[in-house]
Structures are given as C-alpha cells and as structure tokens.
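Student: Take a look at data_35.cif, mmCIF, C-alpha atoms:
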data_target
#
loop_
_atom_site.label_atom_id
_atom_site.label_comp_id
_atom_site.auth_asym_id
_atom_site.auth_seq_id
_atom_site.Cartn_x
_atom_site.Cartn_y
_atom_site.Cartn_z
CA MET Z 1 9.54 -17.13 -1.96
CA GLY Z 2 12.15 -19.82 -2.50
CA MET Z 3 15.39 -20.20 -0.66
CA GLN Z 4 18.29 -17.96 -1.54
CA GLU Z 5 20.68 -19.68 -3.94
CA ARG Z 6 23.37 -17.14 -4.65
CA SER Z 7 24.18 -13.46 -4.64
CA ASN Z 8 26.15 -11.23 -6.92
CA ALA Z 9 27.95 -8.02 -6.01
CA PRO Z 10 28.83 -5.53 -8.78
CA PRO Z 11 32.27 -5.80 -10.41
CA ASP Z 12 33.54 -2.97 -8.19
CA GLY Z 13 32.64 -5.02 -5.10
CA TRP Z 14 30.00 -2.60 -3.83
CA ARG Z 15 27.79 -4.03 -1.11
CA PRO Z 16 24.83 -2.24 0.50
CA ALA Z 17 25.74 -0.32 3.65
CA GLY Z 18 23.21 2.39 4.33
CA HIS Z 19 20.04 3.94 2.92
CA CYS Z 20 19.15 2.25 -0.38
CA ALA Z 21 16.19 1.44 -2.60
CA ILE Z 22 15.15 -2.23 -2.67
CA PHE Z 23 13.41 -4.05 -5.51
CA VAL Z 24 11.96 -7.53 -4.93
CA CYS Z 25 10.05 -9.73 -7.34
CA ASP Z 26 8.77 -13.26 -7.58
CA ILE Z 27 7.09 -15.34 -10.25
CA VAL Z 28 3.48 -16.22 -9.51
CA SER Z 29 2.88 -20.00 -9.23
CA TYR Z 30 6.52 -20.77 -9.91
CA GLY Z 31 6.16 -24.09 -8.08
CA ASN Z 32 3.07 -25.20 -10.02
CA LEU Z 33 3.23 -28.95 -10.59
CA ALA Z 34 2.89 -28.37 -14.32
CA ARG Z 35 6.20 -26.55 -14.22
CA HIS Z 36 8.86 -29.23 -14.08
CA GLN Z 37 12.50 -28.47 -13.39
CA GLY Z 38 13.32 -27.69 -17.01
CA ILE Z 39 10.54 -25.09 -17.23
CA GLN Z 40 11.53 -23.57 -13.89
CA ARG Z 41 15.11 -23.24 -15.11
CA HIS Z 42 13.85 -21.53 -18.28
CA LEU Z 43 11.61 -19.17 -16.26
CA ARG Z 44 14.45 -18.08 -14.02
CA LYS Z 45 16.83 -17.51 -16.90
CA THR Z 46 14.17 -15.50 -18.70
CA LEU Z 47 13.40 -13.46 -15.59
CA TYR Z 48 17.01 -12.36 -15.18
CA GLY Z 49 17.17 -11.41 -18.84
CA LEU Z 50 14.06 -9.25 -18.43
CA LEU Z 51 15.38 -7.68 -15.22
CA ARG Z 52 18.79 -6.90 -16.67
CA LYS Z 53 17.37 -5.20 -19.76
CA SER Z 54 14.74 -3.25 -17.76
CA PHE Z 55 17.28 -2.02 -15.21
CA ASP Z 56 19.84 -1.11 -17.86
CA VAL Z 57 17.51 0.96 -20.06
CA SER Z 58 16.00 2.70 -17.02
CA GLY Z 59 19.23 4.28 -15.80
CA ALA Z 60 19.93 1.81 -12.99
CA PRO Z 61 22.44 -0.52 -14.69
CA PHE Z 62 22.02 -4.03 -13.35
CA ASP Z 63 25.77 -4.51 -13.03
CA THR Z 64 25.98 -1.56 -10.60
CA CYS Z 65 23.41 -3.16 -8.27
CA TYR Z 66 23.75 -5.85 -5.63
CA TRP Z 67 21.36 -8.77 -6.12
CA GLU Z 68 20.47 -12.09 -4.57
CA ASP Z 69 18.62 -14.94 -6.20
CA ARG Z 70 15.53 -16.17 -4.34
CA GLY Z 71 14.68 -19.23 -6.39
CA ASP Z 72 11.34 -18.00 -7.70
CA GLY Z 73 12.50 -14.41 -7.90
CA ALA Z 74 15.18 -11.92 -6.96
CA ILE Z 75 15.98 -9.06 -4.62
CA VAL Z 76 17.96 -6.15 -6.06
CA VAL Z 77 19.47 -3.30 -4.03
CA VAL Z 78 20.21 -0.13 -5.95
CA PRO Z 79 23.14 2.19 -5.07
CA SER Z 80 22.04 5.29 -3.18
CA GLU Z 81 23.20 7.66 -5.94
CA ILE Z 82 20.47 6.29 -8.24
CA ASP Z 83 17.10 8.03 -7.81
CA THR Z 84 14.46 5.75 -6.31
CA ALA Z 85 11.93 7.23 -8.75
CA VAL Z 86 13.43 5.33 -11.70
CA LEU Z 87 12.38 2.05 -10.10
CA VAL Z 88 8.73 3.13 -10.28
CA SER Z 89 9.03 4.70 -13.72
CA PRO Z 90 10.43 3.90 -16.19
CA LEU Z 91 11.79 0.59 -14.81
CA VAL Z 92 8.44 -1.03 -13.98
CA ASP Z 93 7.02 0.24 -17.28
CA TRP Z 94 9.89 -1.35 -19.18
CA LEU Z 95 9.48 -4.57 -17.22
CA ARG Z 96 5.80 -4.69 -18.08
CA SER Z 97 6.60 -4.17 -21.76
CA GLU Z 98 9.23 -6.93 -21.72
CA LEU Z 99 6.83 -9.30 -19.98
CA ARG Z 100 4.10 -8.59 -22.52
CA GLN Z 101 6.38 -9.30 -25.46
CA TYR Z 102 7.69 -12.49 -23.88
CA ASN Z 103 4.25 -13.82 -22.91
CA GLU Z 104 2.85 -13.17 -26.40
CA VAL Z 105 5.15 -15.85 -27.86
CA SER Z 106 5.20 -18.27 -24.90
CA SER Z 107 3.06 -21.27 -24.07
CA GLU Z 108 0.71 -20.97 -21.12
CA VAL Z 109 2.90 -23.02 -18.79
CA ALA Z 110 5.93 -20.87 -19.62
CA GLN Z 111 4.28 -17.48 -19.23
CA ILE Z 112 5.43 -15.22 -16.41
CA ARG Z 113 3.23 -13.26 -14.05
CA LEU Z 114 5.26 -11.15 -11.68
CA ARG Z 115 4.75 -9.57 -8.27
CA VAL Z 116 7.04 -6.63 -7.49
CA SER Z 117 7.57 -4.72 -4.26
CA LEU Z 118 9.59 -1.54 -3.64
CA HIS Z 119 10.88 0.01 -0.42
CA VAL Z 120 13.68 2.30 0.76
CA GLY Z 121 15.57 1.95 4.02
CA GLU Z 122 18.74 0.93 5.78
CA VAL Z 123 20.32 -2.12 4.16
CA HIS Z 124 23.48 -4.00 5.13
CA THR Z 125 25.16 -7.30 4.37
CA ASP Z 126 27.05 -9.90 6.33
CA ASP Z 127 28.88 -13.05 5.26
CA VAL Z 128 25.60 -14.68 4.25
CA GLY Z 129 23.83 -11.85 2.49
CA LEU Z 130 21.41 -8.98 2.99
CA ILE Z 131 20.19 -8.07 6.46
CA GLY Z 132 18.08 -5.32 7.97
CA THR Z 133 14.50 -4.49 8.86
CA ALA Z 134 14.06 -2.79 5.48
CA VAL Z 135 14.85 -6.09 3.77
CA ASN Z 136 12.28 -7.87 5.92
CA HIS Z 137 9.74 -5.12 5.24
CA VAL Z 138 9.97 -5.22 1.45
CA ASN Z 139 9.56 -9.01 1.48
CA ARG Z 140 6.51 -8.76 3.76
CA LEU Z 141 4.89 -6.35 1.30
CA LEU Z 142 5.31 -8.90 -1.47
CA GLU Z 143 3.45 -11.47 0.63
CA ALA Z 144 0.47 -9.24 1.48
CA PRO Z 145 -2.64 -11.42 0.97
CA ARG Z 146 -4.71 -8.55 -0.45
CA PHE Z 147 -2.02 -7.83 -3.03
CA LYS Z 148 -1.64 -11.48 -4.01
CA ASP Z 149 -5.39 -11.96 -4.26
CA ALA Z 150 -5.81 -8.84 -6.40
CA LEU Z 151 -3.27 -10.05 -8.94
CA SER Z 152 -4.69 -13.57 -8.93
CA ALA Z 153 -8.17 -12.22 -9.65
CA SER Z 154 -6.87 -10.15 -12.57
CA PRO Z 155 -5.67 -11.23 -16.02
CA ALA Z 156 -2.75 -8.82 -15.59
CA PHE Z 157 0.76 -10.22 -15.60
CA LEU Z 158 2.33 -7.58 -13.36
CA GLY Z 159 1.43 -6.23 -9.94
CA LEU Z 160 3.36 -3.61 -7.98
CA ILE Z 161 3.19 -2.82 -4.27
CA VAL Z 162 5.19 0.03 -2.75
CA SER Z 163 5.83 1.04 0.83
CA GLU Z 164 4.51 4.24 2.38
CA GLU Z 165 8.04 5.66 2.07
CA VAL Z 166 8.17 5.11 -1.69
CA HIS Z 167 4.60 6.27 -2.16
CA GLY Z 168 5.22 9.43 -0.15
CA THR Z 169 8.45 10.44 -1.86
CA VAL Z 170 7.84 9.28 -5.44
CA ILE Z 171 4.12 8.84 -6.16
CA ARG Z 172 1.95 10.92 -3.81
CA THR Z 173 3.20 14.31 -5.03
CA GLY Z 174 2.06 13.61 -8.58
CA ALA Z 175 5.07 15.57 -9.84
CA GLY Z 176 6.53 12.79 -12.00
CA LEU Z 177 5.19 10.25 -14.48
CA PRO Z 178 3.43 7.92 -11.99
CA ASP Z 179 -0.24 8.81 -11.52
CA PRO Z 180 -1.23 8.69 -7.81
CA GLY Z 181 -4.73 7.70 -8.89
CA ASP Z 182 -3.40 4.39 -10.22
CA TYR Z 183 -2.47 3.25 -6.70
CA VAL Z 184 -4.81 2.10 -3.96
CA PRO Z 185 -3.98 1.49 -0.30
CA VAL Z 186 -3.81 -2.00 1.13
CA ARG Z 187 -3.38 -3.04 4.73
CA VAL Z 188 -0.44 -5.41 5.14
CA GLN Z 189 -0.51 -7.83 8.06
CA VAL Z 190 2.20 -10.44 7.54
CA LYS Z 191 4.02 -11.97 10.52
CA GLU Z 192 5.21 -9.09 12.72
CA THR Z 193 4.62 -6.48 10.01
CA GLU Z 194 1.48 -4.35 10.12
CA THR Z 195 1.42 -1.34 7.82
CA ILE Z 196 -0.30 0.41 4.93
CA ALA Z 197 1.20 0.01 1.46
CA TRP Z 198 0.04 1.05 -2.01
CA MET Z 199 -0.56 -1.29 -4.91
CA ARG Z 200 -1.19 -1.13 -8.61
CA ILE Z 201 -2.32 -3.99 -10.82
CA PHE Z 202 -1.14 -3.34 -14.37
CA GLY Z 203 -4.22 -4.36 -16.33
CA ASP Z 204 -5.91 -2.65 -19.24
CA GLY Z 205 -8.60 -1.16 -17.03
CA PRO Z 206 -8.51 1.31 -14.12
CA ALA Z 207 -6.80 0.67 -10.82
CA GLU Z 208 -8.28 -1.83 -8.40
CA PRO Z 209 -11.36 -0.50 -6.58
CA PRO Z 210 -11.18 0.76 -2.99
CA LEU Z 211 -10.91 -1.86 -0.29
CA SER Z 212 -14.62 -2.27 0.37
CA GLN Z 213 -14.26 -5.57 2.19
CA GLU Z 214 -11.54 -4.18 4.42
CA LEU Z 215 -13.61 -1.10 5.14
CA GLU Z 216 -16.58 -3.25 6.07
CA SER Z 217 -14.36 -5.29 8.36
CA ALA Z 218 -13.00 -2.12 9.90
CA LYS Z 219 -16.53 -0.88 10.52
CA ALA Z 220 -17.25 -4.03 12.49
CA ASP Z 221 -14.08 -3.52 14.51
CA VAL Z 222 -14.72 0.10 15.41
CA THR Z 223 -18.44 -0.05 16.08
CA ARG Z 224 -19.22 0.77 19.68
CA GLN Z 225 -22.73 -0.11 20.86
CA ALA Z 226 -23.12 3.14 22.77
CA TRP Z 227 -23.00 5.25 19.61
CA ALA Z 228 -23.43 2.86 16.65
CA ALA Z 229 -26.96 1.88 17.71
CA HIS Z 230 -27.82 5.54 18.00
CA LEU Z 231 -26.40 6.40 14.60
CA LYS Z 232 -28.11 3.51 12.83
CA GLY Z 233 -31.48 4.70 14.09
CA THR Z 234 -30.93 8.37 13.28
CA ALA Z 235 -32.71 10.01 10.36
CA GLN Z 236 -30.77 12.40 8.14
CA GLU Z 237 -32.69 15.38 9.47
CA GLU Z 238 -31.95 14.38 13.08
CA PRO Z 239 -28.15 14.27 13.61
CA PRO Z 240 -26.80 13.12 16.99
CA PRO Z 241 -27.44 15.72 19.70
CA PHE Z 242 -23.97 17.22 19.94
CA GLU Z 243 -23.50 20.77 21.15
CA PRO Z 244 -21.09 23.10 19.28
CA PHE Z 245 -18.42 22.63 21.95
CA ASP Z 246 -18.84 18.86 21.63
CA LEU Z 247 -17.94 19.12 17.94
CA ILE Z 248 -14.86 21.13 18.79
CA GLU Z 249 -13.74 18.46 21.27
CA ILE Z 250 -14.31 15.69 18.72
CA ALA Z 251 -12.37 17.66 16.08
CA GLU Z 252 -9.47 18.08 18.50
CA ARG Z 253 -9.41 14.35 19.18
CA LEU Z 254 -9.57 13.74 15.45
CA LEU Z 255 -6.49 15.87 14.83
CA ALA Z 256 -4.61 14.02 17.58
CA VAL Z 257 -4.64 10.92 15.37
CA PRO Z 258 -1.33 11.28 13.45
CA LEU Z 259 -2.91 10.49 10.09
CA MET Z 260 -5.49 13.26 10.53
CA GLY Z 261 -2.92 15.79 11.65
CA THR Z 262 -1.78 16.30 8.05
CA SER Z 263 -3.76 17.79 5.17
CA GLU Z 264 -2.75 14.83 2.99
CA GLY Z 265 -4.05 12.36 5.55
CA ARG Z 266 -7.37 14.16 5.90
CA GLN Z 267 -7.74 14.33 2.13
CA GLN Z 268 -7.06 10.61 1.81
CA VAL Z 269 -9.71 9.78 4.41
CA VAL Z 270 -12.31 12.11 2.86
CA SER Z 271 -11.71 10.55 -0.57
CA TYR Z 272 -12.82 7.17 0.84
CA LEU Z 273 -16.11 8.43 2.26
CA ARG Z 274 -19.31 8.03 0.29
CA ARG Z 275 -19.33 10.48 -2.58
CA GLU Z 276 -22.50 12.19 -1.36
CA VAL Z 277 -20.74 12.84 1.95
CA ALA Z 278 -17.31 13.78 0.60
CA VAL Z 279 -18.60 16.38 -1.88
CA ARG Z 280 -20.58 18.15 0.86
CA ILE Z 281 -17.61 18.78 3.14
CA PRO Z 282 -16.42 22.43 2.97
CA ARG Z 283 -12.65 22.03 3.17
CA SER Z 284 -10.30 24.49 4.85
CA SER Z 285 -6.55 25.02 4.84
CA GLN Z 286 -6.69 25.45 8.62
CA ALA Z 287 -6.49 22.05 10.30
CA ASN Z 288 -8.96 22.77 13.11
CA LEU Z 289 -11.59 24.19 10.76
CA ASP Z 290 -11.08 21.35 8.29
CA ALA Z 291 -11.51 18.71 11.00
CA HIS Z 292 -14.61 20.47 12.36
CA SER Z 293 -16.16 20.55 8.86
CA ILE Z 294 -15.45 16.87 8.30
CA VAL Z 295 -17.09 15.86 11.58
CA ARG Z 296 -20.05 18.20 11.22
CA THR Z 297 -20.83 17.08 7.66
CA CYS Z 298 -20.55 13.38 8.50
CA LEU Z 299 -23.08 13.90 11.29
CA ASP Z 300 -25.59 15.15 8.69
CA PHE Z 301 -25.77 11.66 7.16
CA PRO Z 302 -27.01 8.37 8.61
CA ASP Z 303 -23.99 6.27 9.62
CA GLY Z 304 -21.72 9.13 8.53
CA LEU Z 305 -19.76 9.28 11.76
CA GLU Z 306 -19.45 5.50 11.91
CA GLU Z 307 -18.15 5.48 8.34
CA LEU Z 308 -15.63 8.24 9.09
CA LEU Z 309 -14.17 6.34 12.04
CA ALA Z 310 -14.07 3.11 10.06
CA VAL Z 311 -12.03 4.70 7.28
CA ILE Z 312 -9.65 6.37 9.75
CA ARG Z 313 -9.07 3.11 11.57
CA THR Z 314 -8.45 1.29 8.28
CA PHE Z 315 -5.55 3.61 7.53
CA ALA Z 316 -4.33 4.47 11.03
CA GLY Z 317 -4.95 1.14 12.76
CA ASP Z 318 -5.46 0.78 16.49
CA SER Z 319 -3.73 3.38 18.65
CA VAL Z 320 -4.10 5.32 21.87
CA GLN Z 321 -5.27 8.36 19.89
CA MET Z 322 -7.81 6.32 17.93
CA ARG Z 323 -9.28 4.80 21.05
CA ALA Z 324 -9.41 8.23 22.70
CA LEU Z 325 -11.39 9.57 19.74
CA GLU Z 326 -13.93 6.75 19.94
CA GLU Z 327 -14.20 7.00 23.73
CA THR Z 328 -14.83 10.74 23.46
CA ILE Z 329 -17.71 10.18 21.05
CA THR Z 330 -19.15 7.45 23.27
CA ARG Z 331 -18.93 9.68 26.34
CA LEU Z 332 -20.56 12.65 24.64
CA LEU Z 333 -23.38 10.55 23.20
CA THR Z 334 -24.00 8.87 26.55
CA ARG Z 335 -24.09 12.23 28.30
CA ARG Z 336 -26.51 13.74 25.80
CA ASN Z 337 -28.93 10.77 25.66
#
Go ahead and render the structure in this file as structure tokens.

Tutor:
Amino acid sequence: MGMQERSNAPPDGWRPAGHCAIFVCDIVSYGNLARHQGIQRHLRKTLYGLLRKSFDVSGAPFDTCYWEDRGDGAIVVVPSEIDTAVLVSPLVDWLRSELRQYNEVSSEVAQIRLRVSLHVGEVHTDDVGLIGTAVNHVNRLLEAPRFKDALSASPAFLGLIVSEEVHGTVIRTGAGLPDPGDYVPVRVQVKETETIAWMRIFGDGPAEPPLSQELESAKADVTRQAWAAHLKGTAQEEPPPFEPFDLIEIAERLLAVPLMGTSEGRQQVVSYLRREVAVRIPRSSQANLDAHSIVRTCLDFPDGLEELLAVIRTFAGDSVQMRALEETITRLLTRRN
C-alpha cells in the first residue's frame, strides 16, 4: 500500500482507544503505468465517495469513524458501539454494488478492483496516527499472496479477507446473512505474521476452491519416511497394523492439538478430506469418540492418515502438539513393523 497522506478524526474528535473493528482496502494495480496522476486522483476521489456511501447506508456512518488515507486505499476504524457484523454485511454488499455501477460506466483504465480486509482488536493512536498489533495484522491480511493471486485470477472486482476473529464471531455461526460456505481458509505468511484467515472472491460463481496447492505443499512438509512409505504401499484392505490401544493413543494426541480439541475444528478438518473418506466417518458429540472415528476411518484408505495430518498441519501449523502427534505415529509404526 502507499504511504499515509492524512487522517481524519470524526467531528466529535473521537480517536480509537481500545477494542475496535478495522476495515482496510486498497485499489488493485493503482500504480499501473497506464494510470497517470490525473487518473490516480480520480480513482482516490471515487473510492472515498464509494466508501462514504457504503458506510452511511450500512449503519456505520463514515463521519463517526476514524480514517487514514493510504494513497492507494484507506484504513477505517469503527467505534466499538457499532456491531462488527455490519462491516461484513451489508457494508461489503453495498460496496460491491457501488463498484459494479461505477465500473459499468467507466473506461478500463479507470475501473476499480478492490481488496478489503477486516479484523477486530486493540487499536490506539499517537501523534502520527494508528498504532497497535491489530493494525499491523489487518494490513498483513490484505497482503496475503494467496488472496492477491485469487483476486488477480478472477474477473471479480472485489475480494474480502477476514481474520479468524471476525470469521469466528460473525461468519462461522451462520446465524446472520453471510454464508459460511462462501469463505475459504487461506494461510497468511507475511513478514512476522503467520495465521489462518478466510477469504471470499465476489464473482458470479461459487467461492474459490479449497487450497489444493497448499494442501499438497503441506503433505510434503509433514511426510515422515517412517510412516509415509508404509502408507503409500498399503492396500485399502490392509490398514497399518495398529492395535486398538494404539488408536486410542493417536486419538489422544490428536485432541491435544488445539484445533482438534474443538468440535468446530474437527469438522473443518474433516470437510477438507477426500469426500469418500469424509462421508464414511461416523461422527460423535464426544470428543474422544469423534477423534477415534476420524483416525480409524482414515486408516481404512490408502494415504488416509497422511492426508489427515496434512490437512491438520495446514490449519494448525507447526507446533509441539503437532510434532508429538506425528512422532507418536512414527513410533507406533516402527514398533509394529
């Protein structure tokens, strides 16, 4: 994003000092050589007109928010009394509508494609402007390569990426207007930030497909020769030679991974397994039984256990618990072979 040029506090002088929702956007290819200074000035003026109208009609009046210009975009902090949910819907929906209407009557060089990121966290200001790890985080989400590539590969003119916090409190429950199925997870690794966020590309078709390339990369990362070679050579009717107590130990290690300790986390992982595996897993409301069923069913399929660990690592990343799970499987396989 470009350098900050100026900021604007609301007429009442409010400045962020605590837990707030943060909206950040930037114009794709703002610095394209075909866009001379006059066009860039027009794009920025247009952007603020679109933002102001979208915020106002969504119940988060722009003049009640604190904002800073970022050259090719803007960062807007919303007062804590305004529900974060309005930033997901209807604000983004209004923004998409405004962009569509503008682009329909604009030349190609003047059209606007927008990346938007949302996060909630502690925000403060000093004499220069906004500060805080939450501010850094929301900007890192906007720069996620997977997110940028997905929008670039699509004809859509709006892409949204939200933090785990926003996804968990606004989208995941499915209680409001946003459809959780429209969002797909993306690993964000930008500078010192490493996290999972959720993105949606606002095209005419369905949401972006699962992260197959990232899953394949994760498989390569988590493969351990001691058990991967065994699994790859195992026929479906000959699962790895684990005893019942071995499966219990693996299930316990599985639940020690924070992601897998919640029913939501286990459901998310299962949904990313091959369909023929996922539909065969008898689910249970009891965590230990659910984990045992997941492991046992994956072992019935060639590469099923490898795939399970790859998906878990994609979401959970590297951790002491993840390594302990893999080491347990390696030890048990080595002992049984």

Student: Report, in Å to a single decimal, how far apart atom CA of Z:Leu118 and atom CA of Z:Gln267 are.

Tutor: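 If I compute the distance from atom CA of Z:Gln267 to atom CA of Z:Leu118, I get 24.2 Å.
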
Student: What separation in Å, quoted to one decimal, exists between atom CA of Z:Ile161 and atom CA of Z:Ala144?

Tutor: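 Interatomic distance here is 9.0 Å.
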
Student: If you measure from atom CA of Z:Ser163 to atom CA of Z:Leu142, what distance in Å do you get, rounded to one decimal?

Tutor: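 Taking atom CA of Z:Ser163 and atom CA of Z:Leu142, their separation equals 10.2 Å.
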
Student: List the residues matched by the PyMOL selection byres ((chain Z and resi 90-105) around 12) in the displayed structure as a PyMOL selection string, ordered by chain and then by residue number.

Tutor: chain Z and resi 23-25+27+43+46-62+83-89+106-118+156-162+176-178+200-204

Student: Excluding Z:Arg266 and its own-chain neighbours fewer than 5 positions away, which residues fall within 10 Å of it when counting all atoms listed in the file? Please give them as an MDAnalysis selection string.

Tutor: chainID Z and resid 254:255 259:261 271 283 287 290:291 294 312

Student: Run the PyMOL selection byres ((chain Z and resi 185-194) around 9) on the file and write out the hits as a ChimeraX atom specification.

Tutor: /Z:136-137,140-141,143-147,161,183-184,195-199,210-211,214,314-315,317

Student: Quick one: of Z:Val269, Z:Glu264, Z:Ile39, Z:Ala34, who's nearest to Z:Arg172, counting all atoms listed in the file?

Tutor: Z:Glu264

Student: Within 12 Å of Z:Ala278, counting only C-alpha atoms, which residues qualify if same-chain residues fewer than 4 places away don't, as a ChimeraX atom specification?

Tutor: /Z:266-274,282-283,293-298,300-301,304,307-308

Student: Could you give me the axis-aligned bounding box of stretch 38-48 of chain Z, with 4 Å of padding per side, as centre plus edge lengths in Å to one decimal, as AutoDock Vina command-line options?

Tutor:
--center_x 13.8 --center_y -20.0 --center_z -16.3 --size_x 14.5 --size_y 23.3 --size_z 12.8

Student: Pick out the closest residue to Z:Asp126 from this set: Z:Ile250, Z:Leu151, Z:Ala17, Z:Leu325. Count all atoms listed in the file.

Tutor: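 Closest to Z:Asp126 of all the choices is Z:Ala17.
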
Student: Considering all atoms listed in the file, state which residue in the set Z:Leu332, Z:Ile171, Z:Val311, Z:Val123 is at the smallest distance from Z:Glu249.

Tutor: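 Checking each of Z:Leu332, Z:Ile171, Z:Val311, Z:Val123 against Z:Glu249, counting all atoms listed in the file, the winner is Z:Leu332.
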
Student: Evaluate the PyMOL selection byres ((chain Z and resi 135) around 10) on the structure here and hand back the selected residues as a PyMOL selection string.

Tutor: chain Z and resi 21-24+75+77+119-124+130-134+136-140
